[in-house]
>>> print(open('final_39.pdb').read())   # PDB, C-alpha atoms, pLDDT in the B column
MODEL        1
ATOM      1  CA  MET A  98     -40.758 -54.096 -99.335  1.00 38.00           C
ATOM      2  CA  LEU A  99     -42.330 -51.317 -97.311  1.00 41.00           C
ATOM      3  CA  ALA A 100     -43.488 -51.978 -93.785  1.00 46.00           C
ATOM      4  CA  SER A 101     -46.551 -50.238 -92.499  1.00 48.00           C
ATOM      5  CA  ARG A 102     -48.113 -49.660 -89.132  1.00 50.00           C
ATOM      6  CA  VAL A 103     -51.739 -48.824 -88.301  1.00 47.00           C
ATOM      7  CA  TYR A 104     -52.443 -46.640 -85.283  1.00 49.00           C
ATOM      8  CA  ARG A 105     -55.658 -46.406 -83.246  1.00 49.00           C
ATOM      9  CA  SER A 106     -56.535 -43.096 -84.838  1.00 48.00           C
ATOM     10  CA  GLY A 107     -56.543 -44.575 -88.276  1.00 48.00           C
ATOM     11  CA  ALA A 108     -53.295 -42.971 -89.364  1.00 47.00           C
ATOM     12  CA  VAL A 109     -51.104 -45.198 -91.424  1.00 47.00           C
ATOM     13  CA  LEU A 110     -47.354 -44.829 -91.306  1.00 46.00           C
ATOM     14  CA  ARG A 111     -45.317 -46.428 -94.029  1.00 45.00           C
ATOM     15  CA  LEU A 112     -41.654 -46.629 -93.243  1.00 43.00           C
ATOM     16  CA  GLY A 113     -39.394 -45.249 -95.910  1.00 43.00           C
ATOM     17  CA  CYS A 114     -41.894 -42.676 -97.200  1.00 44.00           C
ATOM     18  CA  SER A 115     -42.348 -39.055 -96.285  1.00 45.00           C
ATOM     19  CA  LEU A 116     -44.089 -38.583 -92.964  1.00 42.00           C
ATOM     20  CA  ARG A 117     -45.743 -35.345 -93.986  1.00 43.00           C
ATOM     21  CA  THR A 118     -48.174 -36.684 -96.479  1.00 42.00           C
ATOM     22  CA  LEU A 119     -49.015 -40.046 -94.924  1.00 44.00           C
ATOM     23  CA  ALA A 120     -50.395 -38.975 -91.562  1.00 44.00           C
ATOM     24  CA  THR A 121     -54.087 -38.294 -91.591  1.00 46.00           C
ATOM     25  CA  VAL A 122     -56.444 -37.125 -88.940  1.00 48.00           C
ATOM     26  CA  PRO A 123     -59.898 -38.643 -88.414  1.00 48.00           C
ATOM     27  CA  GLN A 124     -61.422 -35.499 -89.912  1.00 51.00           C
ATOM     28  CA  GLY A 125     -59.754 -36.219 -93.228  1.00 53.00           C
ATOM     29  CA  LYS A 126     -57.168 -33.393 -93.124  1.00 64.00           C
ATOM     30  CA  GLN A 127     -53.584 -34.020 -94.062  1.00 79.00           C
ATOM     31  CA  ILE A 128     -50.938 -32.537 -91.780  1.00 79.00           C
ATOM     32  CA  LYS A 129     -48.145 -30.895 -93.727  1.00 80.00           C
ATOM     33  CA  SER A 130     -46.863 -28.217 -91.339  1.00 79.00           C
ATOM     34  CA  LEU A 131     -46.900 -27.055 -87.742  1.00 76.00           C
ATOM     35  CA  GLU A 132     -49.641 -24.598 -88.660  1.00 82.00           C
ATOM     36  CA  ASP A 133     -51.862 -27.546 -89.575  1.00 80.00           C
ATOM     37  CA  LEU A 134     -51.107 -29.051 -86.174  1.00 78.00           C
ATOM     38  CA  ALA A 135     -51.933 -25.780 -84.453  1.00 81.00           C
ATOM     39  CA  SER A 136     -55.320 -25.654 -86.171  1.00 83.00           C
ATOM     40  CA  LEU A 137     -56.326 -29.002 -84.672  1.00 82.00           C
ATOM     41  CA  ASP A 138     -58.346 -29.132 -81.483  1.00 81.00           C
ATOM     42  CA  THR A 139     -56.439 -32.089 -80.099  1.00 82.00           C
ATOM     43  CA  LEU A 140     -53.355 -34.028 -80.983  1.00 80.00           C
ATOM     44  CA  GLU A 141     -54.985 -37.405 -80.454  1.00 82.00           C
ATOM     45  CA  GLY A 142     -54.493 -39.637 -83.374  1.00 81.00           C
ATOM     46  CA  VAL A 143     -51.467 -37.724 -84.678  1.00 83.00           C
ATOM     47  CA  ASP A 144     -48.310 -39.741 -84.972  1.00 84.00           C
ATOM     48  CA  PRO A 145     -45.658 -38.522 -82.458  1.00 86.00           C
ATOM     49  CA  GLU A 146     -42.948 -39.169 -85.042  1.00 89.00           C
ATOM     50  CA  LEU A 147     -44.744 -36.789 -87.408  1.00 85.00           C
ATOM     51  CA  ILE A 148     -44.895 -34.092 -84.726  1.00 85.00           C
ATOM     52  CA  LYS A 149     -41.238 -34.639 -83.948  1.00 89.00           C
ATOM     53  CA  ARG A 150     -40.337 -34.440 -87.639  1.00 89.00           C
ATOM     54  CA  LEU A 151     -42.347 -31.232 -88.178  1.00 87.00           C
ATOM     55  CA  ILE A 152     -40.792 -29.618 -85.116  1.00 89.00           C
ATOM     56  CA  ASN A 153     -37.297 -30.607 -86.270  1.00 91.00           C
ATOM     57  CA  GLU A 154     -37.936 -29.224 -89.767  1.00 90.00           C
ATOM     58  CA  LYS A 155     -39.174 -25.916 -88.370  1.00 89.00           C
ATOM     59  CA  THR A 156     -36.230 -25.792 -85.949  1.00 93.00           C
ATOM     60  CA  GLN A 157     -33.800 -26.426 -88.781  1.00 94.00           C
ATOM     61  CA  GLU A 158     -35.488 -23.706 -90.824  1.00 92.00           C
ATOM     62  CA  TYR A 159     -35.144 -21.213 -87.974  1.00 93.00           C
ATOM     63  CA  ASN A 160     -31.559 -22.302 -87.311  1.00 95.00           C
ATOM     64  CA  THR A 161     -30.737 -21.773 -90.978  1.00 94.00           C
ATOM     65  CA  GLN A 162     -32.305 -18.321 -90.878  1.00 95.00           C
ATOM     66  CA  ASP A 163     -30.371 -17.475 -87.714  1.00 95.00           C
ATOM     67  CA  GLU A 164     -27.126 -18.713 -89.240  1.00 95.00           C
ATOM     68  CA  LEU A 165     -27.724 -16.620 -92.363  1.00 95.00           C
ATOM     69  CA  LYS A 166     -28.469 -13.595 -90.211  1.00 95.00           C
ATOM     70  CA  LEU A 167     -25.328 -14.228 -88.166  1.00 95.00           C
ATOM     71  CA  LEU A 168     -23.228 -14.581 -91.323  1.00 95.00           C
ATOM     72  CA  LYS A 169     -24.662 -11.351 -92.741  1.00 95.00           C
ATOM     73  CA  ASP A 170     -23.919  -9.566 -89.468  1.00 95.00           C
ATOM     74  CA  MET A 171     -20.386 -10.940 -89.454  1.00 94.00           C
ATOM     75  CA  GLN A 172     -19.925  -9.843 -93.060  1.00 94.00           C
ATOM     76  CA  ARG A 173     -21.173  -6.322 -92.237  1.00 92.00           C
ATOM     77  CA  GLU A 174     -18.865  -6.197 -89.229  1.00 91.00           C
ATOM     78  CA  GLN A 175     -15.925  -7.324 -91.360  1.00 90.00           C
ATOM     79  CA  GLU A 176     -16.729  -4.692 -93.985  1.00 87.00           C
ATOM     80  CA  ARG A 177     -16.994  -2.073 -91.261  1.00 83.00           C
ATOM     81  CA  LEU A 178     -13.615  -3.126 -89.876  1.00 80.00           C
ATOM     82  CA  ASN A 179     -12.065  -3.073 -93.339  1.00 81.00           C
ATOM     83  CA  GLU A 180     -13.157   0.517 -93.774  1.00 79.00           C
ATOM     84  CA  VAL A 181     -10.687   2.915 -92.234  1.00 73.00           C
ATOM     85  CA  PRO A 182     -12.619   6.103 -91.598  1.00 74.00           C
ATOM     86  CA  LEU A 183     -10.820   9.139 -90.332  1.00 78.00           C
ATOM     87  CA  LYS A 184     -13.194   9.117 -87.383  1.00 78.00           C
ATOM     88  CA  ARG A 185     -11.374   6.092 -85.948  1.00 79.00           C
ATOM     89  CA  PHE A 186      -8.104   8.037 -85.774  1.00 85.00           C
ATOM     90  CA  THR A 187      -9.305  11.356 -84.360  1.00 90.00           C
ATOM     91  CA  ARG A 188      -9.045  10.410 -80.670  1.00 91.00           C
ATOM     92  CA  PRO A 189      -5.603   8.788 -80.961  1.00 92.00           C
ATOM     93  CA  LEU A 190      -4.442  11.756 -83.027  1.00 93.00           C
ATOM     94  CA  TRP A 191      -5.634  14.213 -80.374  1.00 95.00           C
ATOM     95  CA  MET A 192      -3.962  12.133 -77.665  1.00 96.00           C
ATOM     96  CA  PHE A 193      -0.707  12.159 -79.634  1.00 97.00           C
ATOM     97  CA  ILE A 194      -0.895  15.938 -80.155  1.00 97.00           C
ATOM     98  CA  LEU A 195      -1.647  16.500 -76.475  1.00 97.00           C
ATOM     99  CA  MET A 196       1.201  14.288 -75.317  1.00 98.00           C
ATOM    100  CA  ALA A 197       3.636  15.789 -77.836  1.00 98.00           C
ATOM    101  CA  SER A 198       2.672  19.321 -76.792  1.00 98.00           C
ATOM    102  CA  THR A 199       3.095  18.460 -73.132  1.00 98.00           C
ATOM    103  CA  PHE A 200       6.522  16.956 -73.784  1.00 98.00           C
ATOM    104  CA  TYR A 201       7.549  19.942 -75.923  1.00 98.00           C
ATOM    105  CA  LEU A 202       6.437  22.471 -73.307  1.00 98.00           C
ATOM    106  CA  GLY A 203       8.214  20.536 -70.543  1.00 98.00           C
ATOM    107  CA  ALA A 204      11.422  20.325 -72.571  1.00 98.00           C
ATOM    108  CA  HIS A 205      11.162  24.025 -73.462  1.00 98.00           C
ATOM    109  CA  LEU A 206      10.696  24.930 -69.792  1.00 98.00           C
ATOM    110  CA  VAL A 207      13.815  22.941 -68.865  1.00 98.00           C
ATOM    111  CA  TRP A 208      15.723  24.616 -71.696  1.00 98.00           C
ATOM    112  CA  TRP A 209      14.616  28.081 -70.475  1.00 98.00           C
ATOM    113  CA  LYS A 210      15.677  27.220 -66.939  1.00 97.00           C
ATOM    114  CA  LEU A 211      19.141  26.091 -68.090  1.00 97.00           C
ATOM    115  CA  GLU A 212      19.480  29.109 -70.382  1.00 97.00           C
ATOM    116  CA  TYR A 213      18.513  31.401 -67.495  1.00 97.00           C
ATOM    117  CA  GLU A 214      21.097  29.832 -65.179  1.00 97.00           C
ATOM    118  CA  GLU A 215      23.766  30.088 -67.880  1.00 97.00           C
ATOM    119  CA  ARG A 216      23.038  33.745 -68.570  1.00 97.00           C
ATOM    120  CA  GLU A 217      22.870  34.476 -64.862  1.00 97.00           C
ATOM    121  CA  ALA A 218      26.348  32.980 -64.414  1.00 97.00           C
ATOM    122  CA  GLU A 219      27.632  35.019 -67.396  1.00 97.00           C
ATOM    123  CA  TYR A 220      26.121  38.221 -66.007  1.00 97.00           C
ATOM    124  CA  LYS A 221      27.582  37.548 -62.551  1.00 97.00           C
ATOM    125  CA  LYS A 222      31.042  37.133 -64.073  1.00 97.00           C
ATOM    126  CA  LYS A 223      30.576  40.318 -66.086  1.00 97.00           C
ATOM    127  CA  VAL A 224      29.381  42.224 -63.010  1.00 97.00           C
ATOM    128  CA  GLU A 225      32.347  40.950 -60.992  1.00 97.00           C
ATOM    129  CA  SER A 226      34.772  41.968 -63.729  1.00 97.00           C
ATOM    130  CA  LEU A 227      33.136  45.401 -63.975  1.00 96.00           C
ATOM    131  CA  GLU A 228      33.247  45.794 -60.173  1.00 96.00           C
ATOM    132  CA  ASN A 229      36.923  44.833 -60.199  1.00 96.00           C
ATOM    133  CA  THR A 230      37.587  47.342 -62.971  1.00 95.00           C
ATOM    134  CA  LEU A 231      35.669  50.006 -61.043  1.00 94.00           C
ATOM    135  CA  ASP A 232      37.591  49.241 -57.853  1.00 93.00           C
ATOM    136  CA  ASP A 233      40.865  49.503 -59.775  1.00 93.00           C
ATOM    137  CA  VAL A 234      39.855  52.820 -61.315  1.00 92.00           C
ATOM    138  CA  LEU A 235      38.703  54.189 -57.951  1.00 90.00           C
ATOM    139  CA  SER A 236      41.830  53.007 -56.198  1.00 90.00           C
ATOM    140  CA  ASN A 237      43.965  54.723 -58.874  1.00 88.00           C
ATOM    141  CA  GLN A 238      42.032  57.967 -58.521  1.00 85.00           C
ATOM    142  CA  ALA A 239      41.973  58.004 -54.727  1.00 63.00           C
ATOM    143  CA  PRO A 240      45.595  59.161 -54.212  1.00 58.00           C
ATOM    144  CA  LYS A 241      45.194  62.004 -56.707  1.00 56.00           C
ATOM    145  CA  ASN A 242      42.108  63.367 -54.936  1.00 51.00           C
ATOM    146  CA  SER A 243      43.519  62.930 -51.437  1.00 52.00           C
ATOM    147  CA  ASN A 244      44.327  66.667 -51.299  1.00 54.00           C
ATOM    148  CA  SER A 245      40.695  67.671 -51.519  1.00 55.00           C
ATOM    149  CA  ASN A 246      38.488  67.764 -48.487  1.00 56.00           C
ATOM    150  CA  THR A 247      36.500  64.540 -48.537  1.00 62.00           C
ATOM    151  CA  ASN A 248      34.550  65.332 -45.409  1.00 73.00           C
ATOM    152  CA  SER A 249      32.604  68.183 -46.982  1.00 73.00           C
ATOM    153  CA  PRO A 250      29.393  67.502 -48.847  1.00 74.00           C
ATOM    154  CA  TRP A 251      29.551  67.280 -52.583  1.00 74.00           C
ATOM    155  CA  TYR A 252      27.435  70.354 -53.226  1.00 78.00           C
ATOM    156  CA  LYS A 253      29.977  72.579 -51.453  1.00 74.00           C
ATOM    157  CA  PHE A 254      32.566  71.616 -53.973  1.00 70.00           C
ATOM    158  CA  TRP A 255      31.103  74.149 -56.409  1.00 67.00           C
TER     159      TRP A 255
ENDMDL
END
>>> encode(input="final_39.pdb", output="structure tokens")
Amino acid sequence: MLASRVYRSGAVLRLGCSLRTLATVPQGKQIKSLEDLASLDTLEGVDPELIKRLINEKTQEYNTQDELKLLKDMQREQERLNEVPLKRFTRPLWMFILMASTFYLGAHLVWWKLEYEEREAEYKKKVESLENTLDDVLSNQAPKNSNSNTNSPWYKFW
């Protein structure tokens, strides 16, 4: 059995039936959407439950649209993340090249420095051995040339 209620405005609300089609306004219009409510001059005589129901339906419709939009955006974002464009790797690649070049140049500079010190030590030993050889040769020749006049300039020798 359906219960019904009569309001002062003349609108009849039957419980268990759709609220959209049962509410009437004194002018004889049926309210089916929020746009119909907006076209009215006053809300007197309109069942508050009907207004609440229409607002909830519209809110649910907008929420559904927002959820669909959010899901589409999330899907696009996921597709964008699944793509691996070369553009995403250019900056890290340049950073790697820069760091590798810096490390290589630093290591090469250290290697040059060590190579220089090693060669310098080799050349010093060679110079010392040549100086010792020269001193030996000069010391062996000194007694043989002791008869000549060493105080005279070299150009007078001729």
>>> atom_distance(input="final_39.pdb", atom1="CA of Lys129 in chain A", atom2="CA of Thr161 in chain A")
19.8 Å
>>> axis_aligned_box(input="final_39.pdb", around="range 162-174 of chain A", padding_each_side="5 Å", output="AutoDock Vina command-line options")
--center_x -25.6 --center_y -12.5 --center_z -90.4 --size_x 23.4 --size_y 22.5 --size_z 15.3
>>> atom_distance(input="final_39.pdb", atom1="CA of Asn153 in chain A", atom2="CA of Glu132 in chain A")
13.9 Å
>>> decode(input="final_39.pdb", residues="range 172-193 of chain A", atoms="N, CA and C atoms", output="PDB file, in the first residue's frame")
ATOM      1  N   GLN A 172      44.902   7.893 -17.198  1.00  0.00           N
ATOM      2  CA  GLN A 172      45.267   6.978 -18.275  1.00  0.00           C
ATOM      3  C   GLN A 172      46.260   7.636 -19.222  1.00  0.00           C
ATOM      4  N   ARG A 173      46.023   8.913 -19.563  1.00  0.00           N
ATOM      5  CA  ARG A 173      46.969   9.644 -20.427  1.00  0.00           C
ATOM      6  C   ARG A 173      48.334   9.758 -19.759  1.00  0.00           C
ATOM      7  N   GLU A 174      48.319  10.048 -18.461  1.00  0.00           N
ATOM      8  CA  GLU A 174      49.580  10.170 -17.726  1.00  0.00           C
ATOM      9  C   GLU A 174      50.315   8.837 -17.711  1.00  0.00           C
ATOM     10  N   GLN A 175      49.576   7.747 -17.506  1.00  0.00           N
ATOM     11  CA  GLN A 175      50.201   6.426 -17.509  1.00  0.00           C
ATOM     12  C   GLN A 175      50.773   6.091 -18.880  1.00  0.00           C
ATOM     13  N   GLU A 176      50.044   6.433 -19.934  1.00  0.00           N
ATOM     14  CA  GLU A 176      50.549   6.194 -21.288  1.00  0.00           C
ATOM     15  C   GLU A 176      51.789   7.036 -21.554  1.00  0.00           C
ATOM     16  N   ARG A 177      51.777   8.267 -21.055  1.00  0.00           N
ATOM     17  CA  ARG A 177      52.932   9.139 -21.237  1.00  0.00           C
ATOM     18  C   ARG A 177      54.146   8.590 -20.485  1.00  0.00           C
ATOM     19  N   LEU A 178      53.899   8.026 -19.292  1.00  0.00           N
ATOM     20  CA  LEU A 178      55.002   7.457 -18.530  1.00  0.00           C
ATOM     21  C   LEU A 178      55.497   6.158 -19.147  1.00  0.00           C
ATOM     22  N   ASN A 179      54.603   5.421 -19.795  1.00  0.00           N
ATOM     23  CA  ASN A 179      55.022   4.178 -20.439  1.00  0.00           C
ATOM     24  C   ASN A 179      55.869   4.443 -21.674  1.00  0.00           C
ATOM     25  N   GLU A 180      55.648   5.569 -22.315  1.00  0.00           N
ATOM     26  CA  GLU A 180      56.484   5.937 -23.445  1.00  0.00           C
ATOM     27  C   GLU A 180      57.865   6.305 -22.912  1.00  0.00           C
ATOM     28  N   VAL A 181      58.879   5.907 -23.613  1.00  0.00           N
ATOM     29  CA  VAL A 181      60.235   6.232 -23.192  1.00  0.00           C
ATOM     30  C   VAL A 181      60.881   7.030 -24.325  1.00  0.00           C
ATOM     31  N   PRO A 182      60.580   8.308 -24.400  1.00  0.00           N
ATOM     32  CA  PRO A 182      61.190   9.097 -25.469  1.00  0.00           C
ATOM     33  C   PRO A 182      62.651   9.382 -25.154  1.00  0.00           C
ATOM     34  N   LEU A 183      63.391   9.580 -26.187  1.00  0.00           N
ATOM     35  CA  LEU A 183      64.811   9.886 -26.035  1.00  0.00           C
ATOM     36  C   LEU A 183      65.001  11.208 -25.293  1.00  0.00           C
ATOM     37  N   LYS A 184      64.008  12.068 -25.394  1.00  0.00           N
ATOM     38  CA  LYS A 184      64.084  13.374 -24.758  1.00  0.00           C
ATOM     39  C   LYS A 184      64.245  13.249 -23.239  1.00  0.00           C
ATOM     40  N   ARG A 185      63.696  12.193 -22.656  1.00  0.00           N
ATOM     41  CA  ARG A 185      63.806  12.012 -21.211  1.00  0.00           C
ATOM     42  C   ARG A 185      65.222  11.668 -20.781  1.00  0.00           C
ATOM     43  N   PHE A 186      66.043  11.152 -21.701  1.00  0.00           N
ATOM     44  CA  PHE A 186      67.384  10.714 -21.338  1.00  0.00           C
ATOM     45  C   PHE A 186      68.471  11.688 -21.773  1.00  0.00           C
ATOM     46  N   THR A 187      68.126  12.764 -22.443  1.00  0.00           N
ATOM     47  CA  THR A 187      69.172  13.664 -22.938  1.00  0.00           C
ATOM     48  C   THR A 187      69.914  14.340 -21.784  1.00  0.00           C
ATOM     49  N   ARG A 188      69.208  14.884 -20.811  1.00  0.00           N
ATOM     50  CA  ARG A 188      69.884  15.580 -19.714  1.00  0.00           C
ATOM     51  C   ARG A 188      70.742  14.617 -18.892  1.00  0.00           C
ATOM     52  N   PRO A 189      70.215  13.460 -18.478  1.00  0.00           N
ATOM     53  CA  PRO A 189      71.102  12.539 -17.756  1.00  0.00           C
ATOM     54  C   PRO A 189      72.294  12.090 -18.594  1.00  0.00           C
ATOM     55  N   LEU A 190      72.093  11.920 -19.889  1.00  0.00           N
ATOM     56  CA  LEU A 190      73.197  11.519 -20.754  1.00  0.00           C
ATOM     57  C   LEU A 190      74.265  12.606 -20.795  1.00  0.00           C
ATOM     58  N   TRP A 191      73.844  13.858 -20.933  1.00  0.00           N
ATOM     59  CA  TRP A 191      74.814  14.962 -20.938  1.00  0.00           C
ATOM     60  C   TRP A 191      75.534  15.057 -19.593  1.00  0.00           C
ATOM     61  N   MET A 192      74.816  14.847 -18.509  1.00  0.00           N
ATOM     62  CA  MET A 192      75.451  14.887 -17.189  1.00  0.00           C
ATOM     63  C   MET A 192      76.487  13.768 -17.063  1.00  0.00           C
ATOM     64  N   PHE A 193      76.146  12.592 -17.566  1.00  0.00           N
ATOM     65  CA  PHE A 193      77.094  11.472 -17.522  1.00  0.00           C
ATOM     66  C   PHE A 193      78.333  11.790 -18.358  1.00  0.00           C
TER      67      PHE A 193
END
